[in-house]
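Novice: What follows is the file upload25.txt, containing compact mmCIF, C-alpha atoms:
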```
# COMPACT_ATOMS: atom_id res chain seq x y z
CA MET A 1 -22.41 -3.97 50.01
CA SER A 2 -22.52 -7.75 49.72
CA ILE A 3 -22.78 -7.54 45.96
CA ILE A 4 -19.75 -5.30 45.76
CA LYS A 5 -17.80 -7.71 47.92
CA THR A 6 -18.74 -10.53 45.62
CA ILE A 7 -17.77 -8.79 42.42
CA THR A 8 -14.39 -7.67 43.69
CA LYS A 9 -13.05 -11.19 43.82
CA PRO A 10 -9.63 -11.40 42.15
CA LEU A 11 -9.89 -12.99 38.72
CA VAL A 12 -6.53 -12.38 37.18
CA SER A 13 -3.13 -13.25 38.42
CA SER A 14 -0.97 -10.15 38.10
CA PRO A 15 2.40 -11.92 37.70
CA GLU A 16 0.94 -13.96 34.84
CA ARG A 17 -0.38 -10.83 33.20
CA ARG A 18 2.97 -9.12 33.62
CA LEU A 19 4.76 -12.06 32.02
CA GLU A 20 2.27 -11.99 29.18
CA ALA A 21 2.83 -8.26 28.77
CA ASP A 22 6.60 -8.76 28.62
CA GLU A 23 6.24 -11.46 25.98
CA ASP A 24 3.94 -9.24 23.96
CA LEU A 25 6.38 -6.36 24.17
CA VAL A 26 9.14 -8.52 22.69
CA ILE A 27 6.86 -9.35 19.76
CA VAL A 28 5.87 -5.71 19.37
CA ARG A 29 9.52 -4.65 19.24
CA LYS A 30 10.09 -7.24 16.50
CA ILE A 31 7.22 -5.81 14.49
CA GLN A 32 8.46 -2.28 15.04
CA SER A 33 11.87 -3.29 13.72
CA GLY A 34 10.31 -4.58 10.51
CA ASP A 35 9.26 -8.17 11.18
CA VAL A 36 5.61 -7.63 10.24
CA ASP A 37 4.89 -11.36 10.19
CA ALA A 38 5.32 -11.37 13.97
CA PHE A 39 2.00 -9.56 14.17
CA ASP A 40 0.29 -12.83 13.21
CA SER A 41 1.21 -14.31 16.57
CA LEU A 42 -0.52 -11.42 18.33
CA ILE A 43 -3.59 -11.87 16.15
CA PHE A 44 -3.68 -15.57 16.93
CA LYS A 45 -3.21 -14.92 20.63
CA TYR A 46 -5.89 -12.26 21.06
CA ARG A 47 -8.39 -12.70 18.27
CA GLU A 48 -10.83 -14.80 20.30
CA ARG A 49 -10.77 -12.52 23.31
CA VAL A 50 -11.14 -9.39 21.24
CA TYR A 51 -13.93 -11.01 19.25
CA SER A 52 -15.66 -12.07 22.46
CA VAL A 53 -15.57 -8.59 23.94
CA ILE A 54 -16.83 -7.01 20.74
CA TYR A 55 -19.49 -9.65 20.24
CA ASN A 56 -20.81 -9.11 23.74
CA LEU A 57 -20.93 -5.40 23.13
CA THR A 58 -22.67 -5.65 19.78
CA SER A 59 -24.50 -9.00 20.02
CA ASN A 60 -23.97 -9.48 16.31
CA ARG A 61 -21.57 -12.01 14.85
CA GLU A 62 -20.99 -10.32 11.52
CA ASP A 63 -20.41 -6.95 13.11
CA ALA A 64 -18.16 -8.52 15.73
CA SER A 65 -16.11 -10.22 13.03
CA ASP A 66 -15.71 -7.02 11.02
CA LEU A 67 -14.93 -4.92 14.08
CA THR A 68 -12.40 -7.46 15.34
CA GLN A 69 -10.64 -7.31 11.99
CA GLU A 70 -10.81 -3.54 12.05
CA THR A 71 -9.28 -3.57 15.53
CA PHE A 72 -6.30 -5.61 14.37
CA ILE A 73 -5.85 -3.49 11.26
CA LYS A 74 -5.83 -0.34 13.37
CA ALA A 75 -3.39 -1.91 15.80
CA PHE A 76 -1.16 -3.00 12.93
CA GLN A 77 -1.20 0.42 11.33
CA SER A 78 -0.33 2.22 14.54
CA ILE A 79 1.98 -0.35 16.11
CA ASN A 80 4.95 1.98 15.63
CA ARG A 81 3.28 4.48 17.93
CA PHE A 82 2.97 1.90 20.72
CA LYS A 83 5.62 2.93 23.28
CA GLY A 84 4.99 0.24 25.86
CA LYS A 85 3.63 2.56 28.54
CA SER A 86 0.72 0.16 29.00
CA SER A 87 0.63 -3.51 28.10
CA PHE A 88 -0.08 -4.40 24.49
CA PHE A 89 -3.17 -6.21 25.69
CA THR A 90 -4.56 -3.07 27.35
CA TRP A 91 -3.70 -1.01 24.29
CA LEU A 92 -5.37 -3.51 21.97
CA TYR A 93 -8.47 -3.65 24.14
CA ARG A 94 -8.71 0.13 24.10
CA ILE A 95 -8.64 0.05 20.31
CA SER A 96 -11.29 -2.65 20.23
CA LEU A 97 -13.51 -0.73 22.64
CA ASN A 98 -13.16 2.53 20.78
CA THR A 99 -13.88 0.77 17.50
CA SER A 100 -16.94 -0.92 18.99
CA LEU A 101 -18.26 2.16 20.73
CA SER A 102 -17.90 4.17 17.57
CA HIS A 103 -19.83 1.48 15.70
CA LEU A 104 -22.52 1.32 18.38
CA ARG A 105 -23.03 5.06 18.39
CA LYS A 106 -23.54 4.96 14.65
CA ASN A 107 -26.07 2.15 14.97
CA LYS A 108 -27.95 3.17 18.09
CA LEU A 109 -31.35 2.13 16.90
CA ARG A 110 -30.31 -1.16 15.49
CA ARG A 111 -31.62 -4.23 17.26
CA PHE A 112 -30.31 -7.68 16.61
CA PHE A 113 -32.80 -9.92 18.30
CA SER A 114 -36.52 -10.04 18.41
CA PHE A 115 -37.59 -9.46 21.95
CA GLU A 116 -41.23 -10.13 21.12
CA LYS A 117 -40.40 -13.69 20.14
CA MET A 118 -38.97 -14.46 23.54
CA VAL A 119 -41.41 -12.78 25.90
CA GLU A 120 -44.11 -15.19 24.79
CA GLU A 121 -42.09 -18.17 25.95
CA ASP A 122 -42.31 -19.66 29.40
CA HIS A 123 -39.07 -19.30 31.35
CA THR A 124 -39.15 -21.24 34.58
CA GLU A 125 -36.78 -21.21 37.49
CA GLY A 126 -35.44 -24.57 36.46
CA PHE A 127 -34.17 -23.32 33.16
CA ILE A 128 -30.48 -23.48 33.99
CA GLU A 129 -30.87 -26.85 35.74
CA ASN A 130 -32.49 -28.15 32.58
CA LEU A 131 -29.29 -27.39 30.74
CA ARG A 132 -27.61 -30.09 32.76
CA THR A 133 -30.30 -32.73 32.30
CA GLU A 134 -31.56 -32.29 28.76
CA SER A 135 -30.21 -34.16 25.77
CA ASP A 136 -27.49 -32.51 23.73
CA SER A 137 -29.84 -31.19 21.07
CA ASP A 138 -32.30 -29.84 23.65
CA LYS A 139 -29.44 -28.42 25.65
CA ALA A 140 -28.13 -26.64 22.61
CA ALA A 141 -31.54 -25.17 21.94
CA LEU A 142 -31.88 -24.02 25.53
CA MET A 143 -28.43 -22.54 25.47
CA THR A 144 -29.19 -20.66 22.32
CA GLU A 145 -32.37 -19.33 23.81
CA LEU A 146 -30.66 -18.30 27.02
CA GLN A 147 -27.85 -16.64 25.17
CA GLU A 148 -30.35 -14.69 23.15
CA ARG A 149 -32.05 -13.54 26.33
CA LEU A 150 -28.71 -12.59 27.75
CA ASN A 151 -27.79 -10.70 24.61
CA ASP A 152 -31.04 -8.86 24.72
CA ALA A 153 -30.55 -7.97 28.37
CA PHE A 154 -27.03 -6.77 27.52
CA GLN A 155 -28.33 -4.58 24.74
CA LYS A 156 -30.62 -2.85 27.22
CA LEU A 157 -27.62 -1.76 29.27
CA SER A 158 -25.90 1.50 28.52
CA ILE A 159 -22.68 1.16 26.58
CA LYS A 160 -20.61 2.04 29.65
CA HIS A 161 -22.30 -0.57 31.81
CA ARG A 162 -22.19 -3.16 29.07
CA THR A 163 -18.47 -2.58 28.63
CA VAL A 164 -17.53 -3.08 32.25
CA ILE A 165 -19.75 -6.11 32.78
CA THR A 166 -18.37 -7.72 29.63
CA LEU A 167 -14.77 -7.11 30.58
CA PHE A 168 -15.34 -8.23 34.16
CA GLU A 169 -17.71 -11.17 33.96
CA ILE A 170 -16.96 -12.57 30.52
CA ASP A 171 -13.36 -11.63 29.87
CA GLY A 172 -12.36 -11.95 33.51
CA LEU A 173 -10.36 -8.75 33.82
CA SER A 174 -9.68 -7.12 37.17
CA HIS A 175 -11.13 -3.78 38.18
CA LYS A 176 -7.72 -2.20 37.77
CA GLU A 177 -7.32 -3.52 34.24
CA ILE A 178 -10.79 -2.40 33.29
CA ALA A 179 -10.09 1.02 34.75
CA GLU A 180 -6.93 1.26 32.62
CA ILE A 181 -8.71 0.16 29.47
CA VAL A 182 -11.78 2.30 29.95
CA GLY A 183 -9.82 5.23 31.30
CA THR A 184 -11.66 5.72 34.59
CA SER A 185 -10.99 5.12 38.26
CA ILE A 186 -11.40 1.74 39.92
CA GLY A 187 -14.24 3.21 41.99
CA THR A 188 -16.10 4.16 38.84
CA VAL A 189 -15.62 0.68 37.45
CA ARG A 190 -17.05 -0.85 40.63
CA SER A 191 -19.96 1.53 40.58
CA ARG A 192 -20.75 0.76 36.95
CA LEU A 193 -20.52 -2.96 37.65
CA TYR A 194 -22.92 -2.66 40.53
CA TYR A 195 -25.56 -0.86 38.49
CA ALA A 196 -25.03 -3.12 35.49
CA LYS A 197 -25.66 -6.16 37.64
CA GLN A 198 -28.71 -4.62 39.21
CA SER A 199 -30.12 -3.97 35.78
CA LEU A 200 -29.33 -7.46 34.51
CA GLN A 201 -30.86 -9.04 37.58
CA GLY A 202 -34.04 -7.19 36.82
CA GLU A 203 -34.01 -8.29 33.20
CA LEU A 204 -33.11 -11.89 33.92
CA LYS A 205 -35.02 -12.42 37.15
CA ASP A 206 -36.87 -15.38 35.68
CA TYR A 207 -33.61 -17.25 35.36
CA ILE A 208 -31.94 -16.40 38.61
CA ARG A 209 -34.69 -16.82 41.19
CA MET B 1 -37.99 0.40 39.32
CA LEU B 2 -35.56 -2.43 38.84
CA PHE B 3 -32.72 -0.72 40.65
CA LYS B 4 -34.70 -0.27 43.83
CA LYS B 5 -35.16 -3.97 44.38
CA ARG B 6 -32.26 -5.58 46.25
CA PHE B 7 -30.99 -8.99 45.26
CA SER B 8 -29.30 -11.42 47.53
CA PRO B 9 -25.66 -12.50 47.15
CA LYS B 10 -26.98 -15.84 45.92
CA ASP B 11 -28.85 -14.06 43.17
CA ASP B 12 -25.70 -12.22 42.30
CA GLU B 13 -23.77 -15.47 42.08
CA ARG B 14 -26.41 -17.00 39.84
CA LEU B 15 -26.33 -13.94 37.64
CA SER B 16 -22.56 -14.25 37.32
CA HIS B 17 -22.93 -17.88 36.27
CA LEU B 18 -25.64 -16.93 33.84
CA ILE B 19 -23.54 -14.20 32.25
CA GLN B 20 -20.59 -16.51 32.02
CA LEU B 21 -22.67 -18.76 29.80
CA LYS B 22 -21.96 -16.18 27.17
CA ARG B 23 -18.36 -17.33 27.20
CA GLN B 24 -19.56 -20.44 25.43
CA GLU B 25 -20.66 -18.43 22.43
CA LYS B 26 -17.51 -19.17 20.54
CA PRO B 27 -17.25 -19.31 16.78
CA ASP B 28 -16.23 -22.57 15.15
CA GLU B 29 -13.00 -23.30 13.31
CA ALA B 30 -14.50 -22.47 9.91
CA PHE B 31 -15.31 -19.00 11.18
CA TRP B 32 -11.68 -18.43 12.18
CA LEU B 33 -10.38 -19.70 8.87
CA ARG B 34 -12.59 -17.22 7.06
CA PHE B 35 -11.68 -14.55 9.60
CA ASP B 36 -7.96 -15.04 9.04
CA GLU B 37 -8.40 -14.96 5.30
CA GLU B 38 -10.38 -11.73 5.37
CA LEU B 39 -8.04 -10.14 7.87
CA ARG B 40 -5.03 -11.05 5.76
CA SER B 41 -6.50 -9.43 2.68
CA LYS B 42 -7.53 -6.35 4.67
CA GLN B 43 -4.06 -6.18 6.15
CA LEU B 44 -2.50 -6.32 2.70
CA ALA B 45 -4.92 -3.71 1.45
CA ALA B 46 -3.94 -1.50 4.39
CA ILE B 47 -0.27 -1.93 3.53
CA VAL B 48 -0.91 -1.14 -0.13
CA ARG B 49 -2.94 1.88 0.84
CA THR B 50 -0.07 3.07 3.00
CA GLN B 51 2.39 2.60 0.13
CA SER B 52 0.09 4.47 -2.20
CA TRP B 53 0.06 7.34 0.21
CA TYR B 54 3.85 7.42 0.30
CA GLU B 55 3.93 7.04 -3.42
CA ARG B 56 1.66 10.00 -3.78
CA VAL B 57 3.94 12.09 -1.58
CA GLY B 58 6.95 10.80 -3.49
CA LYS B 59 5.36 11.70 -6.78
CA LEU B 60 4.58 15.15 -5.47
CA PHE B 61 8.22 15.65 -4.53
CA ILE B 62 9.35 14.41 -7.95
CA LEU B 63 6.92 16.79 -9.62
CA ILE B 64 8.17 19.70 -7.56
CA ALA B 65 11.77 18.69 -8.26
CA ARG B 66 11.07 18.52 -11.98
CA LYS B 67 9.44 21.91 -12.05
CA SER B 68 12.17 23.48 -9.96
CA ALA B 69 14.79 21.70 -12.08
CA ALA B 70 13.49 23.42 -15.19
CA ALA B 71 13.55 26.75 -13.41
CA THR B 72 16.98 26.01 -11.97
CA ALA B 73 18.28 25.01 -15.38
CA THR B 74 16.94 28.19 -16.94
CA ALA B 75 18.45 30.28 -14.18
CA SER B 76 21.75 28.41 -14.50
CA ILE B 77 21.88 28.98 -18.24
CA LEU B 78 21.15 32.66 -17.75
CA ALA B 79 23.71 32.94 -14.98
CA PHE B 80 26.28 31.09 -17.05
CA GLY B 81 25.60 33.33 -20.02
CA ILE B 82 25.93 36.47 -17.91
CA PHE B 83 29.07 35.11 -16.31
CA THR B 84 30.60 34.23 -19.68
CA ILE B 85 29.84 37.64 -21.11
CA SER B 86 31.17 39.40 -18.05
CA GLU B 87 34.31 37.29 -18.15
CA THR B 88 35.00 38.14 -21.81
CA ASP B 89 37.78 40.68 -21.57
CA TYR B 90 37.03 42.34 -24.86
CA PHE B 91 33.47 43.13 -23.94
CA ALA B 92 34.31 43.91 -20.36
CA GLY B 93 37.12 46.25 -21.44
CA GLY B 94 39.83 44.18 -19.80
CA GLU B 95 43.02 42.80 -21.23
CA PRO B 96 43.50 39.22 -22.29
CA THR B 97 46.13 37.25 -20.50
CA THR B 98 48.75 35.98 -22.91
CA SER B 99 51.67 33.66 -22.83
CA PRO B 100 54.38 33.92 -25.46
CA ASN B 101 55.20 30.23 -25.50
CA GLN B 102 51.83 29.02 -26.64
CA ASN B 103 51.73 29.44 -30.40
CA GLU B 104 49.80 26.36 -31.35
CA PRO B 105 46.36 27.12 -32.64
CA VAL B 106 43.45 25.39 -31.04
CA HIS B 107 41.15 23.73 -33.47
CA PRO B 108 37.65 23.18 -32.48
CA THR B 109 36.36 19.70 -32.14
CA GLU B 110 33.63 18.21 -34.26
CA ASP B 111 31.17 18.84 -31.54
CA ASP B 112 32.13 22.46 -31.32
CA ALA B 113 31.93 22.82 -35.07
CA SER B 114 28.55 21.29 -35.34
CA ALA B 115 27.30 23.64 -32.67
CA ILE B 116 28.53 26.77 -34.46
CA ASP B 117 26.79 28.15 -37.49
CA GLN B 118 28.79 31.34 -37.70
CA PRO B 119 31.93 31.38 -39.89
CA ILE B 120 34.85 30.99 -37.60
CA PHE B 121 38.52 31.19 -38.26
CA VAL B 122 41.51 31.09 -36.03
CA VAL B 123 44.34 33.53 -36.13
CA ASP B 124 47.75 32.99 -34.71
CA ASP B 125 49.91 35.65 -33.22
CA LEU B 126 53.01 36.07 -35.38
CA HIS B 127 54.86 38.34 -33.01
CA PRO B 128 54.41 36.82 -29.56
CA GLN B 129 57.43 38.56 -28.11
CA ALA B 130 56.21 41.94 -29.06
CA GLU B 131 52.61 41.50 -28.21
CA ALA B 132 52.65 38.82 -25.59
CA ASN B 133 51.47 40.96 -22.80
CA GLU B 134 49.40 43.45 -24.66
CA VAL B 135 47.16 42.56 -27.52
CA ASP B 136 44.99 45.32 -28.74
CA PHE B 137 42.34 44.45 -31.21
CA SER B 138 40.52 47.70 -30.89
CA TYR B 139 41.84 48.94 -34.19
CA GLY B 140 40.60 45.80 -35.84
CA ILE B 141 37.19 46.25 -34.40
CA ASN B 142 37.07 49.85 -35.49
CA ALA B 143 38.47 49.14 -38.93
CA THR B 144 35.15 49.12 -40.69
CA PRO B 145 34.07 48.50 -43.33
CA SER B 146 36.90 46.08 -44.10
CA TYR B 147 35.34 43.45 -41.86
CA GLU B 148 32.87 43.11 -39.11
CA ILE B 149 33.74 41.20 -36.03
CA ASN B 150 30.79 39.29 -34.77
CA ALA B 151 32.53 37.81 -31.84
CA LEU B 152 36.00 37.74 -30.48
CA THR B 153 36.67 35.37 -27.68
CA LYS B 154 39.74 34.08 -26.05
CA LYS B 155 40.01 30.47 -27.01
CA SER B 156 42.93 29.51 -24.87
CA ILE B 157 45.77 30.91 -22.97
CA PRO B 158 47.72 32.68 -24.15
CA VAL B 159 47.66 33.73 -27.76
CA ASN B 160 45.13 31.81 -29.74
CA TYR B 161 41.87 33.51 -30.46
CA GLN B 162 38.73 32.67 -32.23
CA ILE B 163 37.34 35.43 -34.36
CA ILE B 164 33.94 35.22 -35.84
CA ALA B 165 34.10 37.65 -38.66
CA GLU B 166 33.43 38.25 -42.26
CA PRO B 167 35.32 38.69 -44.52
CA LYS B 168 38.35 36.86 -43.28
CA GLN B 169 40.92 39.46 -44.37
CA PHE B 170 42.41 41.55 -41.63
CA THR B 171 43.16 45.12 -42.49
CA ALA B 172 43.57 48.19 -40.41
CA ASP B 173 42.75 51.07 -42.67
CA HIS B 174 43.03 53.74 -40.06
CA ILE B 175 46.62 52.74 -39.31
CA ASN B 176 47.97 51.79 -42.64
CA SER B 177 46.06 49.97 -45.28
CA GLY B 178 47.33 46.49 -45.73
CA THR B 179 49.42 46.60 -42.60
CA ASP B 180 50.22 43.23 -41.19
CA LEU B 181 48.47 43.08 -37.90
CA GLY B 182 50.73 40.34 -36.66
CA ALA B 183 48.19 37.69 -37.21
CA LYS B 184 47.43 35.25 -39.94
CA VAL B 185 44.69 32.85 -40.67
CA ILE B 186 45.95 29.45 -39.80
CA GLY B 187 42.78 27.49 -39.93
CA THR B 188 39.10 27.78 -40.53
CA TRP B 189 36.18 25.50 -40.29
CA SER B 190 32.49 25.58 -40.80
CA HIS B 191 31.65 27.60 -43.89
CA PHE B 192 35.17 28.87 -44.56
```
What is this structure when it is put down as structure tokens?
Specialist:
Amino acid sequence: MSIIKTITKPLVSSPERRLEADEDLVIVRKIQSGDVDAFDSLIFKYRERVYSVIYNLTSNREDASDLTQETFIKAFQSINRFKGKSSFFTWLYRISLNTSLSHLRKNKLRRFFSFEKMVEEDHTEGFIENLRTESDSDKAALMTELQERLNDAFQKLSIKHRTVITLFEIDGLSHKEIAEIVGTSIGTVRSRLYYAKQSLQGELKDYIR
Amino acid sequence: MLFKKRFSPKDDERLSHLIQLKRQEKPDEAFWLRFDEELRSKQLAAIVRTQSWYERVGKLFILIARKSAAATATASILAFGIFTISETDYFAGGEPTTSPNQNEPVHPTEDDASAIDQPIFVVDDLHPQAEANEVDFSYGINATPSYEINALTKKSIPVNYQIIAEPKQFTADHINSGTDLGAKVIGTWSHF
């Protein structure tokens, strides 16, 4: 139960998100009334977040770039069907997730990193501490290595678990927002988070003990 | 199994910090420049593709309209022809409407003339008072072989008629050879 208590900490301020949603809706209405250039502001606002989510789902930069572009194209093409029942952000994330999941299902067997290369290396408990003490170049190398391990551990998760852990831990969304995006209950989101963390802890035990 | 082993809250916190390291995997500015460029071209391509789709539908409608226009035109011509024939009193067996005050012949225009290959001449009613309300050309039509009427149409109200006939003499043998039928040739065009 302690883990669940920890992961339910509030990460997002709801009033801020509501304000953001209202601002987005104004822009969306502009686009719907013919000002297509206004879509650029939404791209600029969300491109990094969408890219980040997709990258953490796919662990591949090129794929993430293409899928992020595809997400915005899809959003642009169907913007007239957006009625404002959910926030634009939620709607956009749903598109990005569907696009990514569709891509992942098509490329199930594809692996992006060589696990064999990393298992030979010695990962001590002081790995993260070393990040603080090493020189910049060493730190960068360590970071790269750690990120690769993380990516690999992420790829071992099921798509559902990977999605919720990405949205929660990396993108900082609340359980409620994740539930809206994924289309499940908050309880299911919590459950998936719990099992995702359990799995990651097993994969990354060398770094967290 | 991994799931069976419990981890402490501290482990969980460390895992969260570890995962959040992934936030630092951000592309550089050059990546975003290239991204924007590619997205822009894809966006334009998507717009063009959409227009092409509408264009295709538009073209389909135009094609259908063209085909139906030809059919409509054909049907209209047929309908107009049937209507014209049915409205011709002489062929329908009706009586032409006449007005005694209109004695001026109507000459066809150049356009009309160029469109008509048949010899046409115009006759004028010489006795409007007597025959204003009842003009009977039946004897003329039956007065073979003096001439053959190819067409007899009412040109205008009330008393001017176009007669397509050959020869251009009017006789009524069955009544009285050489009888004046109350009409004279006042103008011809085309081959006459």
Novice: For Arg192 (chain A), please output as a list in words all residues within 9 Å (counting all atoms listed in the file; exclusion window: fewer than 6 positions along the same chain).
Specialist: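 The contact residues come out as Lys160, His161, Arg162, Val164 and Ile165 of chain A.
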Novice: So what do you get for CA of Val36 (chain A) versus CA of Thr90 (chain A), distance-wise?
Specialist: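 One can read the CA of Val36 (chain A) to CA of Thr90 (chain A) distance as 20.4 Å.
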Novice: What is the distance, in Å and to one decimal place, between CA of Thr72 (chain B) and CA of Gly58 (chain B)?
Specialist: 20.1 Å
Novice: Using only C-alpha atoms, I'd like every residue of chain A that has an atom within 6 Å of chain B; please write them out as a list in words.
Specialist: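 Here is what falls inside 6 Å: Ile3, Gln69, Ile170, Gln198, Gly202 and Ile208 of chain A.
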Novice: For region 174-186 of chain A, list every protein, DNA or RNA residue within 12 Å, evaluated using all atoms listed in the file, and leave out those in the same chain fewer than 5 positions away; present the list as a ChimeraX atom specification.
Specialist: /A:4,7-14,17-18,85-98,101,159-169,191-193
Novice: Calculated over only C-alpha atoms, which of the candidates A:Ala196, A:Asp35, A:Ser100, A:Lys83 has the smallest distance to Ser65 (chain A)?
Specialist: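 Among the listed residues, the smallest separation from Ser65 (chain A) belongs to A:Ser100.
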Novice: Do you know which residues lie at most 9 Å from (-27.7, -6.1, 29.8), with coordinates as in the file and all atoms listed in the file counted, and could you write them as a list in words?
Specialist: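 Counting all atoms listed in the file, I find these residues within 9 Å of (-27.7, -6.1, 29.8): Leu150, Asn151, Asp152, Ala153, Phe154, Gln155, Lys156, Leu157, Ser158, His161, Arg162, Ile165, Ala196, Lys197, Ser199, Leu200, Gln201, Glu203 and Leu204 of chain A.
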Novice: List as a compact mmCIF listing (two decimals) with C-alpha atoms, keeping the file's coordinate frame the protein and nucleic acid residues near Ala38 (chain A), meaning an atom at most 9 Å away when only C-alpha atoms are counted, but skip any in the same chain fewer than 4 places from it.
Specialist:
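This is the output file result-v5.txt:
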```
# COMPACT_ATOMS: atom_id res chain seq x y z
CA ILE A 27 6.86 -9.35 19.76
CA VAL A 28 5.87 -5.71 19.37
CA LYS A 30 10.09 -7.24 16.50
CA ILE A 31 7.22 -5.81 14.49
CA LEU A 42 -0.52 -11.42 18.33
```
Novice: Between CA of Ile73 (chain A) and CA of Asp40 (chain A), what is the distance in Å, rounded to a tenth?
Specialist: 11.3 Å
Novice: In terms of the shortest atom-to-atom distance over all atoms listed in the file, which of A:Gln147, A:Ser59, A:Thr71, A:Asn107 is closest to Tyr207 (chain A)?
Specialist: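 Once distances to Tyr207 (chain A) are computed over all atoms listed in the file, the minimum belongs to A:Gln147.
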Novice: Where atoms are missing, can you supply N, CA, C and O atoms for region 161-175 of chain A and output the lot as an mmCIF file, in the coordinates of the input?
Specialist:
```cif
data_model
loop_
_atom_site.group_PDB
_atom_site.id
_atom_site.type_symbol
_atom_site.label_atom_id
_atom_site.label_comp_id
_atom_site.auth_asym_id
_atom_site.auth_seq_id
_atom_site.Cartn_x
_atom_site.Cartn_y
_atom_site.Cartn_z
ATOM 1 N N HIS A 161 -22.039 0.563 30.928
ATOM 2 C CA HIS A 161 -22.300 -0.570 31.810
ATOM 3 C C HIS A 161 -22.031 -1.891 31.109
ATOM 4 O O HIS A 161 -21.492 -2.835 31.691
ATOM 5 N N ARG A 162 -22.414 -1.939 29.853
ATOM 6 C CA ARG A 162 -22.190 -3.160 29.070
ATOM 7 C C ARG A 162 -20.698 -3.464 28.957
ATOM 8 O O ARG A 162 -20.257 -4.593 29.017
ATOM 9 N N THR A 163 -19.926 -2.404 28.785
ATOM 10 C CA THR A 163 -18.470 -2.580 28.630
ATOM 11 C C THR A 163 -17.854 -3.178 29.890
ATOM 12 O O THR A 163 -17.114 -4.169 29.820
ATOM 13 N N VAL A 164 -18.183 -2.593 31.031
ATOM 14 C CA VAL A 164 -17.530 -3.080 32.250
ATOM 15 C C VAL A 164 -17.994 -4.490 32.630
ATOM 16 O O VAL A 164 -17.188 -5.318 33.062
ATOM 17 N N ILE A 165 -19.263 -4.774 32.419
ATOM 18 C CA ILE A 165 -19.750 -6.110 32.780
ATOM 19 C C ILE A 165 -19.164 -7.165 31.840
ATOM 20 O O ILE A 165 -18.855 -8.291 32.242
ATOM 21 N N THR A 166 -18.973 -6.794 30.591
ATOM 22 C CA THR A 166 -18.370 -7.720 29.630
ATOM 23 C C THR A 166 -16.915 -8.005 30.000
ATOM 24 O O THR A 166 -16.479 -9.161 30.043
ATOM 25 N N LEU A 167 -16.196 -6.932 30.264
ATOM 26 C CA LEU A 167 -14.770 -7.110 30.580
ATOM 27 C C LEU A 167 -14.578 -7.851 31.901
ATOM 28 O O LEU A 167 -13.648 -8.644 32.053
ATOM 29 N N PHE A 168 -15.502 -7.620 32.855
ATOM 30 C CA PHE A 168 -15.340 -8.230 34.160
ATOM 31 C C PHE A 168 -15.852 -9.670 34.201
ATOM 32 O O PHE A 168 -15.127 -10.598 34.569
ATOM 33 N N GLU A 169 -17.083 -9.857 33.796
ATOM 34 C CA GLU A 169 -17.710 -11.170 33.960
ATOM 35 C C GLU A 169 -17.345 -12.149 32.835
ATOM 36 O O GLU A 169 -17.237 -13.345 33.072
ATOM 37 N N ILE A 170 -17.195 -11.648 31.634
ATOM 38 C CA ILE A 170 -16.960 -12.570 30.520
ATOM 39 C C ILE A 170 -15.468 -12.695 30.215
ATOM 40 O O ILE A 170 -14.949 -13.786 30.030
ATOM 41 N N ASP A 171 -14.780 -11.555 30.196
ATOM 42 C CA ASP A 171 -13.360 -11.630 29.870
ATOM 43 C C ASP A 171 -12.500 -11.848 31.108
ATOM 44 O O ASP A 171 -11.326 -12.218 30.994
ATOM 45 N N GLY A 172 -13.069 -11.637 32.275
ATOM 46 C CA GLY A 172 -12.360 -11.950 33.510
ATOM 47 C C GLY A 172 -11.254 -10.983 33.881
ATOM 48 O O GLY A 172 -10.290 -11.353 34.554
ATOM 49 N N LEU A 173 -11.381 -9.739 33.464
ATOM 50 C CA LEU A 173 -10.360 -8.750 33.820
ATOM 51 C C LEU A 173 -10.599 -8.213 35.227
ATOM 52 O O LEU A 173 -11.724 -8.243 35.727
ATOM 53 N N SER A 174 -9.549 -7.708 35.842
ATOM 54 C CA SER A 174 -9.680 -7.120 37.170
ATOM 55 C C SER A 174 -10.224 -5.696 37.057
ATOM 56 O O SER A 174 -10.229 -5.109 35.968
ATOM 57 N N HIS A 175 -10.644 -5.165 38.178
ATOM 58 C CA HIS A 175 -11.130 -3.780 38.180
ATOM 59 C C HIS A 175 -10.054 -2.826 37.704
ATOM 60 O O HIS A 175 -10.330 -1.871 36.974
#
```
